[in-house]
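Chemist: upload-v6.csv is reproduced below (CSV, C-alpha atoms).
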chain,number,residue,atom,x,y,z
G,1,MET,CA,0.0,0.0,0.0
G,2,SER,CA,2.9,2.4,0.8
G,3,LEU,CA,4.2,2.2,-2.8
G,4,THR,CA,0.8,2.7,-4.2
G,5,LEU,CA,0.4,5.9,-2.1
G,6,LEU,CA,3.8,7.0,-3.1
G,7,HIS,CA,3.0,6.6,-6.7
G,8,GLU,CA,-0.3,8.5,-6.3
G,9,LEU,CA,1.5,11.2,-4.4
G,10,SER,CA,4.0,11.6,-7.2
G,11,GLN,CA,1.2,11.8,-9.9
G,12,PHE,CA,-0.6,14.3,-7.8
G,13,LEU,CA,2.5,16.5,-7.5
G,14,THR,CA,3.1,16.4,-11.2
G,15,GLU,CA,-0.4,17.7,-11.9
G,16,LEU,CA,-0.1,20.3,-9.1
G,17,GLU,CA,3.3,21.5,-10.5
G,18,GLN,CA,1.9,21.8,-14.0
G,19,THR,CA,-1.1,23.8,-12.8
G,20,GLN,CA,1.0,26.1,-10.6
G,21,GLN,CA,3.5,26.8,-13.4
G,22,ALA,CA,0.7,27.6,-15.8
G,23,LEU,CA,-0.8,30.0,-13.2
G,24,LEU,CA,2.6,31.7,-12.6
G,25,ALA,CA,2.9,32.2,-16.4
G,26,LEU,CA,-0.6,33.5,-16.5
G,27,PHE,CA,-0.1,35.9,-13.6
G,28,THR,CA,3.0,37.3,-15.3
G,29,ALA,CA,1.0,37.9,-18.5
G,30,LYS,CA,-1.8,39.4,-16.3
G,31,ARG,CA,0.5,41.8,-14.6
G,32,ASP,CA,1.8,42.9,-18.0
G,33,ALA,CA,-1.7,43.4,-19.2
G,34,LEU,CA,-2.6,45.4,-16.1
G,35,ASP,CA,0.5,47.6,-16.5
G,36,ARG,CA,-0.3,48.2,-20.2
G,37,ARG,CA,-4.1,48.6,-19.6
G,38,LEU,CA,-5.1,45.9,-22.1
G,39,ALA,CA,-8.7,45.3,-21.3
G,40,GLU,CA,-9.3,42.6,-23.9
G,41,GLU,CA,-6.2,40.7,-22.9
G,42,LEU,CA,-7.4,40.9,-19.3
G,43,LEU,CA,-10.7,39.4,-20.2
G,44,ARG,CA,-9.0,36.6,-22.1
G,45,LEU,CA,-6.6,35.9,-19.3
G,46,SER,CA,-9.5,36.0,-16.8
G,47,ALA,CA,-11.2,33.0,-18.6
G,48,GLN,CA,-7.9,31.1,-18.5
G,49,GLU,CA,-7.5,31.9,-14.8
G,50,ALA,CA,-11.0,30.6,-14.1
G,51,GLU,CA,-10.1,27.3,-15.8
G,52,LEU,CA,-6.9,27.0,-13.8
G,53,THR,CA,-8.7,27.9,-10.6
G,54,GLY,CA,-11.1,25.1,-11.3
G,55,LYS,CA,-8.2,22.7,-11.8
G,56,LEU,CA,-6.7,23.8,-8.5
G,57,GLN,CA,-10.0,23.2,-6.7
G,58,GLU,CA,-10.1,19.6,-8.2
G,59,LEU,CA,-6.5,19.1,-7.0
G,60,VAL,CA,-7.6,20.2,-3.5
G,61,LYS,CA,-10.2,17.5,-3.6
G,62,ASP,CA,-7.7,15.0,-4.8
G,63,ARG,CA,-5.3,16.0,-2.0
G,64,THR,CA,-8.0,15.4,0.5
G,65,GLY,CA,-8.8,12.0,-1.0
G,66,LEU,CA,-5.2,11.0,-0.9
G,67,LEU,CA,-4.9,11.9,2.8
G,68,ILE,CA,-8.1,10.0,3.5
G,69,LYS,CA,-6.8,7.0,1.7
G,70,ALA,CA,-3.5,7.3,3.7
G,71,ARG,CA,-5.4,7.4,7.0
G,72,SER,CA,-7.5,4.4,6.0
G,73,ALA,CA,-4.2,2.6,5.3
G,74,GLY,CA,-3.1,3.3,8.9
G,75,PHE,CA,-1.0,6.4,8.4
G,76,VAL,CA,-1.9,9.2,10.7
G,77,VAL,CA,-1.0,12.3,8.7
G,78,GLU,CA,-2.3,15.8,8.1
G,79,SER,CA,-0.2,16.9,5.1
G,80,LEU,CA,1.5,15.4,2.0
G,81,LEU,CA,4.9,16.1,3.5
G,82,GLU,CA,4.0,14.1,6.5
G,83,LEU,CA,2.7,11.3,4.3
G,84,ALA,CA,6.0,11.2,2.4
G,85,GLY,CA,7.9,11.1,5.6
G,86,VAL,CA,5.8,8.3,7.1
G,87,ILE,CA,6.1,6.2,4.0
G,88,GLY,CA,9.9,6.7,4.2
G,89,MET,CA,9.9,5.3,7.7
G,90,THR,CA,8.0,2.2,6.7
G,91,VAL,CA,10.0,1.4,3.5
G,92,GLY,CA,13.6,0.3,3.8
G,93,ASP,CA,14.5,0.2,0.1
G,94,SER,CA,17.2,2.8,-0.8
G,95,ARG,CA,15.7,3.5,-4.2
G,96,VAL,CA,12.4,4.3,-2.6
G,97,LEU,CA,14.0,6.4,0.0
G,98,ARG,CA,15.7,8.5,-2.7
G,99,ALA,CA,12.3,8.8,-4.5
G,100,ILE,CA,10.8,10.0,-1.2
G,101,GLU,CA,13.5,12.6,-0.8
G,102,LEU,CA,12.8,13.9,-4.3
G,103,ILE,CA,9.1,14.0,-3.5
G,104,GLU,CA,9.7,15.9,-0.3
G,105,LYS,CA,11.7,18.5,-2.3
G,106,ARG,CA,8.9,18.7,-4.8
G,107,ILE,CA,6.4,19.3,-2.1
G,108,ILE,CA,8.5,22.1,-0.6
G,109,GLN,CA,9.0,23.7,-4.0
G,110,SER,CA,5.2,23.5,-4.5
G,111,GLN,CA,4.7,25.3,-1.2
G,112,ARG,CA,7.0,28.0,-2.3
G,113,ARG,CA,5.2,28.4,-5.6
G,114,THR,CA,1.9,28.6,-3.6
G,115,LEU,CA,3.3,31.5,-1.7
G,116,LYS,CA,4.4,33.2,-4.9
G,117,LEU,CA,0.9,32.7,-6.4
G,118,GLN,CA,-0.7,34.1,-3.2
G,119,GLN,CA,1.6,37.1,-3.3
G,120,GLU,CA,0.9,37.8,-7.0
G,121,SER,CA,-2.8,37.3,-6.5
G,122,TRP,CA,-2.7,39.9,-3.7
G,123,VAL,CA,-0.9,42.4,-5.9
G,124,HIS,CA,-3.5,41.9,-8.7
G,125,TRP,CA,-6.3,42.5,-6.2
G,126,ILE,CA,-4.6,45.7,-4.9
G,127,ILE,CA,-4.1,47.0,-8.4
G,128,SER,CA,-7.7,46.1,-9.4
G,129,HIS,CA,-9.2,47.6,-6.2
G,130,ARG,CA,-7.3,50.9,-6.6
G,131,CYS,CA,-8.3,51.1,-10.3
G,132,TYR,CA,-11.9,50.6,-9.2
G,133,ASN,CA,-11.7,53.3,-6.6
G,134,HIS,CA,-10.2,55.8,-9.0
G,135,TYR,CA,-12.8,54.9,-11.6
G,136,THR,CA,-15.7,55.5,-9.2
G,137,ASP,CA,-14.1,58.7,-7.9
G,138,LEU,CA,-13.9,59.9,-11.5
G,139,LEU,CA,-17.5,59.0,-12.2
G,140,ASP,CA,-18.5,60.8,-9.1
G,141,ILE,CA,-16.6,64.0,-10.2
G,142,ILE,CA,-18.2,63.8,-13.6
G,143,ALA,CA,-21.7,63.1,-12.3
G,144,ARG,CA,-21.5,66.1,-9.9
G,145,GLY,CA,-20.0,68.5,-12.5
G,146,GLY,CA,-16.9,68.9,-10.2
G,147,HIS,CA,-19.0,69.8,-7.1
G,148,ARG,CA,-18.4,68.0,-3.9
G,149,ALA,CA,-21.0,65.5,-2.8
G,150,PRO,CA,-23.7,66.9,-0.5
G,151,THR,CA,-22.5,64.5,2.3
G,152,TYR,CA,-19.5,66.8,2.9
G,153,GLY,CA,-21.8,69.5,4.3
G,154,ASP,CA,-21.6,73.3,3.9
G,155,LYS,CA,-18.5,73.8,6.0
G,156,LEU,CA,-16.2,73.1,3.1
G,157,PRO,CA,-16.1,75.6,0.2
G,158,SER,CA,-17.7,74.2,-3.0
G,159,ALA,CA,-15.4,74.2,-5.9
G,160,ALA,CA,-16.5,73.6,-9.5
G,161,GLY,CA,-14.3,72.4,-12.3
G,162,GLY,CA,-10.9,71.3,-11.5
G,163,ALA,CA,-8.0,69.8,-13.4
G,164,LEU,CA,-10.0,66.7,-14.5
G,165,LEU,CA,-12.9,68.7,-16.0
G,166,ASP,CA,-11.1,71.8,-17.3
G,167,ALA,CA,-10.0,71.1,-20.8
G,168,ALA,CA,-8.2,74.4,-21.0
G,169,ALA,CA,-5.9,73.6,-18.1
What would you get if you wrote out this structure as structure tokens?
Modeler:
Amino acid sequence: MSLTLLHELSQFLTELEQTQQALLALFTAKRDALDRRLAEELLRLSAQEAELTGKLQELVKDRTGLLIKARSAGFVVESLLELAGVIGMTVGDSRVLRAIELIEKRIIQSQRRTLKLQQESWVHWIISHRCYNHYTDLLDIIARGGHRAPTYGDKLPSAAGGALLDAAA
């Protein structure tokens, strides 16, 4: 059973690595599209991102299934790294131990890629959120003809126009 779990773990990691690499490449392209303000490209990339996100969700289910299978085989583990370590303790073959070391390195690299993906995702969210805020502020300025919103009260002087609305400026 240990070797079967090890094989399934290796297959899982291969799929995960491919998906993470594809997402990293997509995020690089998305950052470029955000920098260059390419709306059509962002829409195209968004569709690809949704596909890859769905694939990641499937992989999370597969990971859970793999851990459940390991527990039913008698391995008390909470992570894939623990699973590889426990399998390493039960198997004495040196070839299998080398394979387990490689798998553990792959898991650690996958964790690092996950952190990179989270960081890049966060950057994209910040950029998008700031663009949205600027866009709504601009719409508000246009809708009010440059006047402040009435919620600011009469204490502040009302100014019309401004650099955004004055074409002569």
Chemist: Nearest to Leu3 (chain G) among G:Ala143, G:Ile127, G:Ala84, G:Ala29, with distances taken over only C-alpha atoms: which residue is it?
Modeler: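 Among G:Ala143, G:Ile127, G:Ala84, G:Ala29, it is G:Ala84 that comes nearest to Leu3 (chain G).
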Chemist: Quote the spacing between CA of Leu81 (chain G) and CA of Gln48 (chain G) in Å to one decimal place.
Modeler: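 Answer for the CA of Leu81 (chain G) to CA of Gln48 (chain G) separation: 29.5 Å.
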Chemist: Go through G:Leu16, G:Leu59, G:Leu42, G:Ala70 and flag the residue nearest Met1 (chain G), using only C-alpha atoms for the distances.
Modeler: G:Ala70
Chemist: Could you tell me how far CA of Val123 (chain G) sits from CA of Ser79 (chain G), in Å to one decimal place?
Modeler: 27.8 Å
Chemist: What is the distance between CA of Leu52 (chain G) and CA of Glu15 (chain G), in Å to one decimal?
Modeler: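 Interatomic distance here is 11.5 Å.
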Chemist: When you look at Arg63 (chain G) with a cut-off of 12 Å (counting all atoms listed in the file), what residues show up, excluding the ones that are within fewer than 6 positions of it in the same chain? I need them as a count of residues only.
Modeler: 18
Chemist: Counting only C-alpha atoms, which residues come within 7 Å of (-17.2, 61.5, -2.9), with the point read in the file's coordinates, and could you list them as number ranges by chain?
Modeler: G: 137, 140, 148-149
Chemist: Using only C-alpha atoms, determine which residues lie at most 12 Å from Ser110 (chain G), disregarding the query and same-chain residues fewer than 4 positions distant; provide the list as a ChimeraX atom specification.
Modeler: /G:12-21,24,80-81,103-106,114-117
